[in-house]
>>> print(open('target24.cif').read())   # mmCIF, C-alpha atoms and all ligand atoms
data_model
#
loop_
_atom_site.group_PDB
_atom_site.id
_atom_site.type_symbol
_atom_site.label_atom_id
_atom_site.label_comp_id
_atom_site.auth_asym_id
_atom_site.auth_seq_id
_atom_site.Cartn_x
_atom_site.Cartn_y
_atom_site.Cartn_z
ATOM 1 C CA MET A 1 113.419 96.727 104.337
ATOM 2 C CA PHE A 2 113.271 93.385 106.142
ATOM 3 C CA ALA A 3 115.792 90.641 105.381
ATOM 4 C CA PRO A 4 114.259 88.728 102.448
ATOM 5 C CA THR A 5 114.204 85.467 104.402
ATOM 6 C CA VAL A 6 112.892 86.838 107.709
ATOM 7 C CA LEU A 7 109.794 84.592 107.480
ATOM 8 C CA LYS A 8 111.422 81.581 105.816
ATOM 9 C CA GLY A 9 110.224 78.332 107.369
ATOM 10 C CA GLU A 10 106.947 79.845 108.571
ATOM 11 C CA VAL A 11 103.563 78.481 107.520
ATOM 12 C CA ALA A 12 101.060 81.341 107.740
ATOM 13 C CA VAL A 13 97.262 81.230 107.555
ATOM 14 C CA ILE A 14 95.618 84.579 106.849
ATOM 15 C CA THR A 15 91.846 84.907 107.102
ATOM 16 C CA GLY A 16 90.270 87.480 104.820
ATOM 17 C CA GLY A 17 93.542 87.260 102.881
ATOM 18 C CA GLY A 18 91.996 87.817 99.451
ATOM 19 C CA SER A 19 91.497 91.570 99.802
ATOM 20 C CA GLY A 20 92.489 94.752 101.606
ATOM 21 C CA LEU A 21 94.781 94.533 104.607
ATOM 22 C CA GLY A 22 94.718 90.725 104.643
ATOM 23 C CA TYR A 23 96.010 90.575 101.075
ATOM 24 C CA ALA A 24 98.762 93.115 101.828
ATOM 25 C CA ILE A 25 99.876 91.040 104.825
ATOM 26 C CA ALA A 26 99.801 87.864 102.725
ATOM 27 C CA ARG A 27 101.802 89.508 99.931
ATOM 28 C CA ASP A 28 104.530 90.722 102.293
ATOM 29 C CA PHE A 29 104.670 87.366 104.082
ATOM 30 C CA VAL A 30 105.079 85.560 100.743
ATOM 31 C CA ALA A 31 107.736 88.029 99.571
ATOM 32 C CA LEU A 32 109.669 87.457 102.810
ATOM 33 C CA GLY A 33 109.787 83.690 102.508
ATOM 34 C CA ALA A 34 106.686 82.369 104.281
ATOM 35 C CA ASP A 35 104.477 79.616 102.921
ATOM 36 C CA VAL A 36 101.111 81.414 102.980
ATOM 37 C CA ILE A 37 97.557 80.121 102.782
ATOM 38 C CA ILE A 38 94.841 82.731 102.335
ATOM 39 C CA THR A 39 91.192 82.120 103.036
ATOM 40 C CA SER A 40 87.823 83.865 102.746
ATOM 41 C CA ARG A 41 84.302 82.879 101.684
ATOM 42 C CA SER A 42 84.614 83.747 98.005
ATOM 43 C CA ALA A 43 86.520 81.288 95.803
ATOM 44 C CA ASP A 44 86.584 83.894 93.009
ATOM 45 C CA ARG A 45 88.169 86.488 95.277
ATOM 46 C CA LEU A 46 90.799 83.970 96.355
ATOM 47 C CA ALA A 47 91.594 82.920 92.788
ATOM 48 C CA ALA A 48 92.074 86.572 91.771
ATOM 49 C CA ALA A 49 94.301 87.160 94.798
ATOM 50 C CA GLU A 50 96.430 84.116 93.951
ATOM 51 C CA SER A 51 97.048 85.445 90.423
ATOM 52 C CA ARG A 52 97.829 88.908 91.760
ATOM 53 C CA MET A 53 100.242 87.355 94.273
ATOM 54 C CA VAL A 54 102.245 85.653 91.520
ATOM 55 C CA GLY A 55 102.323 88.899 89.530
ATOM 56 C CA GLU A 56 103.497 90.979 92.491
ATOM 57 C CA THR A 57 105.950 88.601 94.183
ATOM 58 C CA GLY A 58 106.784 85.951 91.591
ATOM 59 C CA ARG A 59 105.725 83.391 94.199
ATOM 60 C CA MET A 60 102.563 81.410 94.815
ATOM 61 C CA CYS A 61 100.369 81.108 97.857
ATOM 62 C CA GLY A 62 97.735 78.514 98.704
ATOM 63 C CA SER A 63 94.084 79.307 99.158
ATOM 64 C CA VAL A 64 90.955 77.585 100.355
ATOM 65 C CA PRO A 65 87.440 78.970 100.818
ATOM 66 C CA CYS A 66 86.344 79.038 104.443
ATOM 67 C CA ASP A 67 83.662 80.867 106.376
ATOM 68 C CA VAL A 68 85.280 81.518 109.749
ATOM 69 C CA ARG A 69 81.842 81.268 111.412
ATOM 70 C CA ASP A 70 81.437 77.654 110.352
ATOM 71 C CA ASP A 71 83.115 74.896 112.394
ATOM 72 C CA ASP A 72 83.196 72.413 109.502
ATOM 73 C CA ASP A 73 84.751 75.010 107.182
ATOM 74 C CA VAL A 74 87.399 75.844 109.774
ATOM 75 C CA GLN A 75 88.190 72.152 110.216
ATOM 76 C CA ARG A 76 88.545 71.838 106.422
ATOM 77 C CA LEU A 77 90.880 74.834 106.425
ATOM 78 C CA HIS A 78 92.969 73.227 109.154
ATOM 79 C CA ASP A 79 93.158 69.898 107.315
ATOM 80 C CA TYR A 80 94.040 71.599 104.018
ATOM 81 C CA VAL A 81 96.909 73.539 105.607
ATOM 82 C CA LEU A 82 98.250 70.472 107.403
ATOM 83 C CA ALA A 83 98.186 68.319 104.258
ATOM 84 C CA ARG A 84 99.673 71.057 102.050
ATOM 85 C CA SER A 85 102.292 72.648 104.273
ATOM 86 C CA GLY A 86 102.387 71.038 107.705
ATOM 87 C CA PRO A 87 101.342 72.700 110.961
ATOM 88 C CA ALA A 88 100.708 76.439 110.797
ATOM 89 C CA THR A 89 103.238 78.526 112.715
ATOM 90 C CA ILE A 90 101.445 81.860 112.143
ATOM 91 C CA VAL A 91 97.725 82.663 112.178
ATOM 92 C CA VAL A 92 96.478 86.124 111.234
ATOM 93 C CA ASN A 93 92.841 86.663 112.234
ATOM 94 C CA ASN A 94 91.936 89.453 109.837
ATOM 95 C CA ALA A 95 88.481 88.456 108.472
ATOM 96 C CA ALA A 96 85.714 90.840 109.450
ATOM 97 C CA ALA A 97 82.267 91.882 108.286
ATOM 98 C CA ASN A 98 81.701 95.435 109.476
ATOM 99 C CA PHE A 99 79.122 97.902 108.216
ATOM 100 C CA PHE A 100 77.712 101.256 109.252
ATOM 101 C CA MET A 101 74.557 101.159 111.363
ATOM 102 C CA ARG A 102 73.266 103.615 113.931
ATOM 103 C CA ALA A 103 73.104 102.113 117.414
ATOM 104 C CA GLU A 104 69.365 102.724 117.894
ATOM 105 C CA ARG A 105 68.616 100.983 114.594
ATOM 106 C CA MET A 106 70.931 98.048 115.149
ATOM 107 C CA THR A 107 69.135 94.744 114.889
ATOM 108 C CA ARG A 108 70.064 91.611 116.780
ATOM 109 C CA ARG A 109 70.836 90.008 113.430
ATOM 110 C CA ALA A 110 73.365 92.719 112.572
ATOM 111 C CA LEU A 111 75.022 92.375 115.961
ATOM 112 C CA ASP A 112 75.176 88.588 115.667
ATOM 113 C CA THR A 113 76.663 88.746 112.155
ATOM 114 C CA VAL A 114 79.569 90.925 113.234
ATOM 115 C CA ILE A 115 80.189 89.168 116.560
ATOM 116 C CA ASP A 116 80.076 85.825 114.775
ATOM 117 C CA THR A 117 82.550 86.855 112.077
ATOM 118 C CA ASP A 118 84.993 89.133 113.897
ATOM 119 C CA LEU A 119 85.005 87.660 117.420
ATOM 120 C CA ASN A 120 83.834 84.074 117.059
ATOM 121 C CA GLY A 121 85.754 83.698 113.791
ATOM 122 C CA THR A 122 88.955 84.751 115.564
ATOM 123 C CA PHE A 123 88.173 82.234 118.298
ATOM 124 C CA ASN A 124 87.276 79.408 115.888
ATOM 125 C CA VAL A 125 90.377 79.701 113.726
ATOM 126 C CA THR A 126 92.748 80.147 116.640
ATOM 127 C CA ARG A 127 91.276 77.161 118.487
ATOM 128 C CA ALA A 128 91.760 74.994 115.396
ATOM 129 C CA PHE A 129 95.439 75.831 114.938
ATOM 130 C CA VAL A 130 96.757 76.485 118.425
ATOM 131 C CA PRO A 131 96.964 72.902 119.744
ATOM 132 C CA ALA A 132 99.776 72.054 117.303
ATOM 133 C CA MET A 133 101.538 75.334 118.116
ATOM 134 C CA LEU A 134 101.421 74.542 121.840
ATOM 135 C CA LYS A 135 102.675 71.018 121.190
ATOM 136 C CA ASP A 136 105.540 72.283 118.991
ATOM 137 C CA ARG A 137 106.225 75.195 121.382
ATOM 138 C CA ARG A 138 106.264 77.537 118.419
ATOM 139 C CA GLY A 139 103.691 79.970 117.066
ATOM 140 C CA ALA A 140 102.598 83.549 116.508
ATOM 141 C CA ILE A 141 98.975 84.631 116.436
ATOM 142 C CA LEU A 142 98.055 88.089 115.191
ATOM 143 C CA ASN A 143 94.579 89.544 115.623
ATOM 144 C CA ILE A 144 93.375 92.630 113.782
ATOM 145 C CA THR A 145 91.499 95.001 116.075
ATOM 146 C CA LEU A 146 90.880 98.744 116.429
ATOM 147 C CA PRO A 147 92.627 101.550 118.317
ATOM 148 C CA LEU A 148 91.046 101.985 121.782
ATOM 149 C CA PRO A 149 87.897 99.897 121.108
ATOM 150 C CA GLU A 150 86.943 100.154 124.783
ATOM 151 C CA LEU A 151 86.121 103.811 124.058
ATOM 152 C CA GLY A 152 83.491 102.721 121.521
ATOM 153 C CA PHE A 153 83.193 102.979 117.745
ATOM 154 C CA PRO A 154 80.287 105.319 116.854
ATOM 155 C CA GLY A 155 78.343 104.046 113.848
ATOM 156 C CA PHE A 156 79.807 100.578 114.303
ATOM 157 C CA ALA A 157 78.749 99.493 117.817
ATOM 158 C CA HIS A 158 78.826 95.811 116.844
ATOM 159 C CA CYS A 159 82.356 96.040 115.477
ATOM 160 C CA GLY A 160 83.638 98.036 118.465
ATOM 161 C CA ALA A 161 82.243 95.446 120.872
ATOM 162 C CA ALA A 162 83.751 92.562 118.910
ATOM 163 C CA LYS A 163 87.170 94.213 118.645
ATOM 164 C CA ALA A 164 87.241 95.107 122.364
ATOM 165 C CA ALA A 165 86.598 91.453 123.135
ATOM 166 C CA ILE A 166 89.385 90.425 120.749
ATOM 167 C CA VAL A 167 91.817 92.744 122.556
ATOM 168 C CA SER A 168 90.903 90.962 125.783
ATOM 169 C CA LEU A 169 91.318 87.541 124.164
ATOM 170 C CA THR A 170 94.708 88.642 122.841
ATOM 171 C CA ALA A 171 95.908 89.407 126.363
ATOM 172 C CA THR A 172 94.475 86.234 127.893
ATOM 173 C CA TRP A 173 95.871 83.998 125.188
ATOM 174 C CA ALA A 174 99.273 85.715 125.441
ATOM 175 C CA TYR A 175 99.336 85.051 129.166
ATOM 176 C CA GLU A 176 98.166 81.448 129.001
ATOM 177 C CA TRP A 177 100.156 80.384 125.949
ATOM 178 C CA GLY A 178 103.384 82.356 126.501
ATOM 179 C CA PRO A 179 104.881 79.647 128.728
ATOM 180 C CA HIS A 180 104.287 77.207 125.844
ATOM 181 C CA GLY A 181 106.169 79.251 123.227
ATOM 182 C CA VAL A 182 103.168 80.853 121.520
ATOM 183 C CA ARG A 183 103.062 84.648 121.157
ATOM 184 C CA VAL A 184 99.774 86.481 120.661
ATOM 185 C CA ASN A 185 99.592 90.101 119.544
ATOM 186 C CA ALA A 186 97.188 92.420 117.780
ATOM 187 C CA ILE A 187 97.401 95.336 115.376
ATOM 188 C CA ALA A 188 94.935 98.199 115.743
ATOM 189 C CA PRO A 189 94.821 99.920 112.348
ATOM 190 C CA GLY A 190 93.699 103.486 111.908
ATOM 191 C CA PRO A 191 91.723 104.452 108.775
ATOM 192 C CA VAL A 192 93.068 102.722 105.660
ATOM 193 C CA PRO A 193 91.031 102.952 102.429
ATOM 194 C CA THR A 194 90.372 99.372 101.237
ATOM 195 C CA GLU A 195 87.719 97.623 99.149
ATOM 196 C CA GLY A 196 85.924 96.672 102.355
ATOM 197 C CA VAL A 197 85.894 100.203 103.695
ATOM 198 C CA ALA A 198 84.540 101.519 100.388
ATOM 199 C CA ALA A 199 81.840 98.839 100.144
ATOM 200 C CA HIS A 200 80.575 98.616 103.703
ATOM 201 C CA MET A 201 81.754 101.460 105.901
ATOM 202 C CA LEU A 202 81.394 104.560 103.717
ATOM 203 C CA ALA A 203 77.659 104.024 103.588
ATOM 204 C CA THR A 204 76.591 107.632 103.246
ATOM 205 C CA ASP A 205 78.030 110.899 101.941
ATOM 206 C CA ALA A 206 78.454 111.952 105.565
ATOM 207 C CA THR A 207 80.490 108.892 106.574
ATOM 208 C CA THR A 208 82.602 109.176 103.419
ATOM 209 C CA GLN A 209 83.331 112.835 104.117
ATOM 210 C CA ALA A 210 84.092 112.042 107.774
ATOM 211 C CA PHE A 211 86.603 109.399 106.673
ATOM 212 C CA VAL A 212 88.369 111.852 104.339
ATOM 213 C CA ASP A 213 88.270 114.669 106.914
ATOM 214 C CA THR A 214 89.987 112.385 109.425
ATOM 215 C CA THR A 215 93.272 113.231 107.705
ATOM 216 C CA ASP A 216 93.315 116.612 109.467
ATOM 217 C CA ASP A 217 93.191 114.859 112.853
ATOM 218 C CA VAL A 218 96.072 112.498 112.088
ATOM 219 C CA PRO A 219 99.341 113.896 113.478
ATOM 220 C CA LEU A 220 101.208 112.328 110.531
ATOM 221 C CA ARG A 221 98.624 113.999 108.206
ATOM 222 C CA ARG A 222 97.663 111.108 105.963
ATOM 223 C CA LEU A 223 95.404 108.076 105.917
ATOM 224 C CA GLY A 224 97.084 104.672 106.111
ATOM 225 C CA ASN A 225 98.248 102.394 103.319
ATOM 226 C CA PRO A 226 97.837 98.621 103.512
ATOM 227 C CA SER A 227 101.667 98.472 103.575
ATOM 228 C CA ASP A 228 101.727 100.425 106.852
ATOM 229 C CA ILE A 229 99.760 97.583 108.421
ATOM 230 C CA SER A 230 101.557 94.715 106.693
ATOM 231 C CA ALA A 231 104.976 96.005 107.802
ATOM 232 C CA ALA A 232 103.821 95.893 111.422
ATOM 233 C CA ALA A 233 102.375 92.420 110.841
ATOM 234 C CA VAL A 234 105.685 91.138 109.482
ATOM 235 C CA PHE A 235 107.504 92.502 112.511
ATOM 236 C CA LEU A 236 105.085 91.073 115.076
ATOM 237 C CA CYS A 237 104.992 87.623 113.449
ATOM 238 C CA SER A 238 108.752 87.392 112.886
ATOM 239 C CA PRO A 239 111.511 86.346 115.273
ATOM 240 C CA LEU A 240 112.351 90.077 115.540
ATOM 241 C CA ALA A 241 109.412 90.329 117.961
ATOM 242 C CA GLY A 242 110.439 87.219 119.899
ATOM 243 C CA TRP A 243 109.997 88.913 123.276
ATOM 244 C CA ILE A 244 106.758 90.746 122.478
ATOM 245 C CA THR A 245 103.395 89.267 123.370
ATOM 246 C CA GLY A 246 99.986 90.529 124.509
ATOM 247 C CA GLN A 247 100.280 93.845 122.662
ATOM 248 C CA ASN A 248 97.602 95.716 120.723
ATOM 249 C CA LEU A 249 99.906 97.783 118.522
ATOM 250 C CA VAL A 250 98.223 100.945 117.285
ATOM 251 C CA VAL A 251 99.222 101.749 113.688
ATOM 252 C CA ASP A 252 97.294 104.914 112.893
ATOM 253 C CA GLY A 253 99.633 107.840 112.278
ATOM 254 C CA GLY A 254 99.005 108.986 115.848
ATOM 255 C CA LEU A 255 95.242 109.492 115.397
ATOM 256 C CA TYR A 256 94.478 107.896 118.764
ATOM 257 C CA LEU A 257 96.384 110.718 120.497
ATOM 258 C CA ASN A 258 93.370 112.974 119.865
ATOM 259 C CA VAL A 259 91.733 111.326 122.857
ATOM 260 C CA GLY A 260 94.120 113.175 125.161
ATOM 261 C CA ALA A 261 94.254 116.433 123.190
ATOM 262 C CA THR A 262 92.450 119.578 124.285
ATOM 263 C CA PRO A 263 90.118 120.533 121.395
ATOM 264 C CA GLY A 264 91.234 123.726 119.647
ATOM 265 C CA VAL A 265 94.455 124.178 121.620
ATOM 266 C CA LEU A 266 96.666 124.028 118.497
HETATM 267 P P1 LIG A 301 88.052 93.907 103.641
HETATM 268 O O1 LIG A 301 88.807 94.215 102.401
HETATM 269 O O2 LIG A 301 86.560 93.929 103.588
HETATM 270 O O3 LIG A 301 88.538 92.521 104.184
HETATM 271 C C1 LIG A 301 87.727 91.683 104.955
HETATM 272 C C2 LIG A 301 87.954 90.266 104.473
HETATM 273 O O4 LIG A 301 87.253 89.370 105.343
HETATM 274 C C3 LIG A 301 87.439 90.008 103.054
HETATM 275 O O5 LIG A 301 88.487 89.412 102.315
HETATM 276 C C4 LIG A 301 86.293 89.027 103.231
HETATM 277 O O6 LIG A 301 86.280 88.109 102.145
HETATM 278 C C5 LIG A 301 86.669 88.352 104.538
HETATM 279 N N1 LIG A 301 85.514 87.829 105.263
HETATM 280 C C6 LIG A 301 84.378 88.481 105.597
HETATM 281 N N2 LIG A 301 83.538 87.653 106.235
HETATM 282 C C7 LIG A 301 84.158 86.447 106.308
HETATM 283 C C8 LIG A 301 83.804 85.178 106.837
HETATM 284 N N3 LIG A 301 82.622 84.969 107.445
HETATM 285 N N4 LIG A 301 84.700 84.150 106.745
HETATM 286 C C9 LIG A 301 85.896 84.349 106.131
HETATM 287 N N5 LIG A 301 86.286 85.518 105.599
HETATM 288 C C10 LIG A 301 85.421 86.563 105.687
HETATM 289 O O7 LIG A 301 88.434 94.933 104.825
HETATM 290 P P2 LIG A 301 89.840 95.529 105.363
HETATM 291 O O8 LIG A 301 89.675 96.995 105.442
HETATM 292 O O9 LIG A 301 90.964 94.936 104.623
HETATM 293 O O10 LIG A 301 89.830 94.988 106.866
HETATM 294 C C11 LIG A 301 90.673 93.963 107.317
HETATM 295 C C12 LIG A 301 90.700 93.965 108.833
HETATM 296 O O11 LIG A 301 91.211 95.213 109.324
HETATM 297 C C13 LIG A 301 89.348 93.772 109.495
HETATM 298 O O12 LIG A 301 89.510 92.985 110.657
HETATM 299 C C14 LIG A 301 88.959 95.185 109.874
HETATM 300 O O13 LIG A 301 88.030 95.230 110.952
HETATM 301 C C15 LIG A 301 90.304 95.738 110.281
HETATM 302 N N6 LIG A 301 90.394 97.195 110.267
HETATM 303 C C16 LIG A 301 90.392 97.862 109.080
HETATM 304 C C17 LIG A 301 90.511 99.235 109.083
HETATM 305 C C18 LIG A 301 90.528 100.024 107.796
HETATM 306 O O14 LIG A 301 90.452 101.259 107.862
HETATM 307 N N7 LIG A 301 90.642 99.391 106.638
HETATM 308 C C19 LIG A 301 90.628 99.936 110.288
HETATM 309 C C20 LIG A 301 90.609 99.216 111.480
HETATM 310 C C21 LIG A 301 90.496 97.839 111.455
HETATM 311 P P3 LIG A 301 84.941 87.325 101.665
HETATM 312 O O15 LIG A 301 83.888 88.360 101.468
HETATM 313 O O16 LIG A 301 85.373 86.624 100.404
HETATM 314 O O17 LIG A 301 84.606 86.357 102.756
#
>>> encode(input="target24.cif", output="structure tokens", more="lines below")
Ligand code: NAP
Amino acid sequence: MFAPTVLKGEVAVITGGGSGLGYAIARDFVALGADVIITSRSADRLAAAESRMVGETGRMCGSVPCDVRDDDDVQRLHDYVLARSGPATIVVNNAAANFFMRAERMTRRALDTVIDTDLNGTFNVTRAFVPAMLKDRRGAILNITLPLPELGFPGFAHCGAAKAAIVSLTATWAYEWGPHGVRVNAIAPGPVPTEGVAAHMLATDATTQAFVDTTDDVPLRRLGNPSDISAAAVFLCSPLAGWITGQNLVVDGGLYLNVGATPGVL
């Protein structure tokens, strides 16, 4: 539905781009003309995603393994992108490592793992690529968060805390970097079944059932598709959103509206 060249001339780096929402964003970016580099820890996952990309779009993307927690890896990612494609004009901070854990059982190690991947990874990758964007006065950064993380995320306290901090970073970066031509936004996805959700978040029968039952609470009465999120990502990273910065765009079929609803009134 977008013009097929809406992202032509863009060089986009997408963390966690080998699976789930990151792959869907990468696929749409490639299809709409961007030069895309995907990254995650697993070289096998990236190789499979590259093949799938060619099959689905007829176009190639680049890939390089990188652990977003590791400074040397992030520097290698930066150098690879620069040598292959030139300075990145879009960064999508999508990589995350979330898993179900009750708050009273949460270990410091679990907290550190998620903060290090979701929050510090977003910081590390952005810090590596933003200097060139500021110099060129051109760039779009997109962070992947949660709807209303400041209200908590039961069962995923570590993830909720990390995402709330990323929403704050999004606003600060938007404010500080806007005068230099760099836009910073976020997407807050509602529940979208992905490989990651199946492997790490639906840990018990109860959490799986809760995920499925969520459909009844969604005003638009369905769970999300990766394409619902990638369409919003295209918009926010394209020139169509040239006067939008600092937003945390909720894409969840209206699920977040339950916060203001009176239980049982309808
Ligand atoms: P996913 O399929 O598990 O994707 C996560 C990706 O992050 C994987 O490709 C993983 O690849 C990569 N990753 C994990 N740790 C990494 C690290 N240290 N360095 C680099 N890459 C790393 O999950 P998803 O559902 O698509 O989630 C994508 C994003 O959407 C996440 O930020 C998530 O919090 C957010 N989100 C999802 C939902 C949903 O319902 N799906 C809802 C709200 C928010 P490797 O294992 O190869 O590293």
>>> closest_atom_pairs(input="target24.cif", of="chain A", to="ligand LIG 301 (chain A)", cutoff="8 Å", atoms="only C-alpha atoms and all ligand atoms", output="JSON lines")
{"residue": "A:Thr15", "atom": "CA", "partner": "A:LIG301", "partner_atom": "N5", "distance": 5.8}
{"residue": "A:Gly16", "atom": "CA", "partner": "A:LIG301", "partner_atom": "O4", "distance": 3.6}
{"residue": "A:Gly17", "atom": "CA", "partner": "A:LIG301", "partner_atom": "O5", "distance": 5.5}
{"residue": "A:Gly18", "atom": "CA", "partner": "A:LIG301", "partner_atom": "O5", "distance": 4.8}
{"residue": "A:Ser19", "atom": "CA", "partner": "A:LIG301", "partner_atom": "O5", "distance": 4.5}
{"residue": "A:Gly20", "atom": "CA", "partner": "A:LIG301", "partner_atom": "O9", "distance": 3.4}
{"residue": "A:Leu21", "atom": "CA", "partner": "A:LIG301", "partner_atom": "O9", "distance": 3.8}
{"residue": "A:Gly22", "atom": "CA", "partner": "A:LIG301", "partner_atom": "O9", "distance": 5.6}
{"residue": "A:Tyr23", "atom": "CA", "partner": "A:LIG301", "partner_atom": "O9", "distance": 7.6}
{"residue": "A:Thr39", "atom": "CA", "partner": "A:LIG301", "partner_atom": "N5", "distance": 6.5}
{"residue": "A:Ser40", "atom": "CA", "partner": "A:LIG301", "partner_atom": "N5", "distance": 3.6}
{"residue": "A:Arg41", "atom": "CA", "partner": "A:LIG301", "partner_atom": "O17", "distance": 3.7}
{"residue": "A:Ser42", "atom": "CA", "partner": "A:LIG301", "partner_atom": "O16", "distance": 3.8}
{"residue": "A:Ala43", "atom": "CA", "partner": "A:LIG301", "partner_atom": "O16", "distance": 7.1}
{"residue": "A:Asp44", "atom": "CA", "partner": "A:LIG301", "partner_atom": "O16", "distance": 8.0}
{"residue": "A:Arg45", "atom": "CA", "partner": "A:LIG301", "partner_atom": "O16", "distance": 5.8}
{"residue": "A:Leu46", "atom": "CA", "partner": "A:LIG301", "partner_atom": "O16", "distance": 7.3}
{"residue": "A:Pro65", "atom": "CA", "partner": "A:LIG301", "partner_atom": "C9", "distance": 7.7}
{"residue": "A:Cys66", "atom": "CA", "partner": "A:LIG301", "partner_atom": "C9", "distance": 5.6}
{"residue": "A:Asp67", "atom": "CA", "partner": "A:LIG301", "partner_atom": "N4", "distance": 3.5}
{"residue": "A:Val68", "atom": "CA", "partner": "A:LIG301", "partner_atom": "N4", "distance": 4.0}
{"residue": "A:Arg69", "atom": "CA", "partner": "A:LIG301", "partner_atom": "N3", "distance": 5.5}
{"residue": "A:Asp70", "atom": "CA", "partner": "A:LIG301", "partner_atom": "N3", "distance": 8.0}
{"residue": "A:Asn93", "atom": "CA", "partner": "A:LIG301", "partner_atom": "O12", "distance": 7.3}
{"residue": "A:Asn94", "atom": "CA", "partner": "A:LIG301", "partner_atom": "O12", "distance": 4.4}
{"residue": "A:Ala95", "atom": "CA", "partner": "A:LIG301", "partner_atom": "O4", "distance": 3.5}
{"residue": "A:Ala96", "atom": "CA", "partner": "A:LIG301", "partner_atom": "O12", "distance": 4.5}
{"residue": "A:Ala97", "atom": "CA", "partner": "A:LIG301", "partner_atom": "C6", "distance": 4.8}
{"residue": "A:Asn98", "atom": "CA", "partner": "A:LIG301", "partner_atom": "O13", "distance": 6.5}
{"residue": "A:Asp116", "atom": "CA", "partner": "A:LIG301", "partner_atom": "N3", "distance": 7.8}
{"residue": "A:Thr117", "atom": "CA", "partner": "A:LIG301", "partner_atom": "N3", "distance": 5.0}
{"residue": "A:Asp118", "atom": "CA", "partner": "A:LIG301", "partner_atom": "O12", "distance": 6.8}
{"residue": "A:Gly121", "atom": "CA", "partner": "A:LIG301", "partner_atom": "N4", "distance": 7.1}
{"residue": "A:Asn143", "atom": "CA", "partner": "A:LIG301", "partner_atom": "O12", "distance": 7.9}
{"residue": "A:Ile144", "atom": "CA", "partner": "A:LIG301", "partner_atom": "O12", "distance": 5.0}
{"residue": "A:Thr145", "atom": "CA", "partner": "A:LIG301", "partner_atom": "C21", "distance": 5.5}
{"residue": "A:Leu146", "atom": "CA", "partner": "A:LIG301", "partner_atom": "C20", "distance": 5.0}
{"residue": "A:Pro147", "atom": "CA", "partner": "A:LIG301", "partner_atom": "C20", "distance": 7.5}
{"residue": "A:Cys159", "atom": "CA", "partner": "A:LIG301", "partner_atom": "O13", "distance": 7.3}
{"residue": "A:Lys163", "atom": "CA", "partner": "A:LIG301", "partner_atom": "O13", "distance": 7.8}
{"residue": "A:Ala188", "atom": "CA", "partner": "A:LIG301", "partner_atom": "C20", "distance": 6.2}
{"residue": "A:Pro189", "atom": "CA", "partner": "A:LIG301", "partner_atom": "C20", "distance": 4.4}
{"residue": "A:Gly190", "atom": "CA", "partner": "A:LIG301", "partner_atom": "C19", "distance": 5.0}
{"residue": "A:Pro191", "atom": "CA", "partner": "A:LIG301", "partner_atom": "O14", "distance": 3.6}
{"residue": "A:Val192", "atom": "CA", "partner": "A:LIG301", "partner_atom": "O14", "distance": 3.7}
{"residue": "A:Pro193", "atom": "CA", "partner": "A:LIG301", "partner_atom": "N7", "distance": 5.5}
{"residue": "A:Thr194", "atom": "CA", "partner": "A:LIG301", "partner_atom": "O8", "distance": 4.9}
{"residue": "A:Glu195", "atom": "CA", "partner": "A:LIG301", "partner_atom": "O1", "distance": 4.8}
{"residue": "A:Gly196", "atom": "CA", "partner": "A:LIG301", "partner_atom": "O2", "distance": 3.1}
{"residue": "A:Val197", "atom": "CA", "partner": "A:LIG301", "partner_atom": "O8", "distance": 5.3}
{"residue": "A:Ala199", "atom": "CA", "partner": "A:LIG301", "partner_atom": "O2", "distance": 7.6}
{"residue": "A:His200", "atom": "CA", "partner": "A:LIG301", "partner_atom": "O2", "distance": 7.6}
{"residue": "A:Gly224", "atom": "CA", "partner": "A:LIG301", "partner_atom": "O14", "distance": 7.7}
{"residue": "A:Pro226", "atom": "CA", "partner": "A:LIG301", "partner_atom": "O9", "distance": 7.9}
>>> resolve_selection(input="target24.cif", expression="the PyMOL selection byres (((chain A and resi 221) around 12) and not hetatm)", output="list in words")
Pro191, Val212, Asp213, Thr214, Thr215, Asp216, Asp217, Val218, Pro219, Leu220, Arg222, Leu223, Gly224, Asp252, Gly253, Gly254 and Leu255 of chain A
>>> residues_near_point(input="target24.cif", point="(81.5, 106.4, 110.6)", cutoff="8 Å", atoms="only C-alpha atoms", output="list of chain:residue names")
A:Phe100, A:Pro154, A:Gly155, A:Phe156, A:Met201, A:Leu202, A:Thr207, A:Thr208, A:Ala210, A:Phe211
>>> atom_distance(input="target24.cif", atom1="CA of Asp79 in chain A", atom2="CA of Phe129 in chain A")
9.9 Å
>>> closest_residue(input="target24.cif", among="A:Ala132, A:Met106, A:Ala48, A:Ala165", to="Gly181 in chain A", atoms="all atoms listed in the file")
A:Ala132
>>> closest_residue(input="target24.cif", among="A:Ile229, A:Ile38, A:Ala24, A:Val81", to="Thr57 in chain A", atoms="only C-alpha atoms")
A:Ala24
>>> residues_around(input="target24.cif", residues="His180 in chain A", least_positions_apart="4", cutoff="12 Å", atoms="all atoms listed in the file", output="list in words")
Val130, Pro131, Ala132, Met133, Leu134, Lys135, Asp136, Arg137, Arg138, Gly139, Ala140, Trp173, Ala174, Tyr175, Glu176 and Val184 of chain A
>>> residues_around(input="target24.cif", residues="Ala128 in chain A", least_positions_apart="6", cutoff="8 Å", atoms="only C-alpha atoms", output="number ranges by chain")
A: 74-75, 78
>>> atom_distance(input="target24.cif", atom1="CA of Trp177 in chain A", atom2="CA of Ala232 in chain A")
21.6 Å
>>> residues_around(input="target24.cif", residues="Gly242 in chain A", least_positions_apart="3", cutoff="10 Å", atoms="only C-alpha atoms", output="MDAnalysis selection string")
chainID A and resid 140 181:183 235:239 245
>>> resolve_selection(input="target24.cif", expression="the PyMOL selection byres (((chain A and resi 27) around 9) and not hetatm)", output="ChimeraX atom specification")
/A:22-26,28-32,36,53,56-57,61,230
>>> residues_around(input="target24.cif", residues="Asp35 in chain A", least_positions_apart="4", cutoff="10 Å", atoms="all atoms listed in the file", output="list in words")
Leu7, Lys8, Gly9, Glu10, Val11, Ala12, Val13, Ala26, Phe29, Val30, Ala31, Arg59, Met60, Cys61, Gly62, Arg84, Ser85, Ala88, Thr89 and Ile90 of chain A
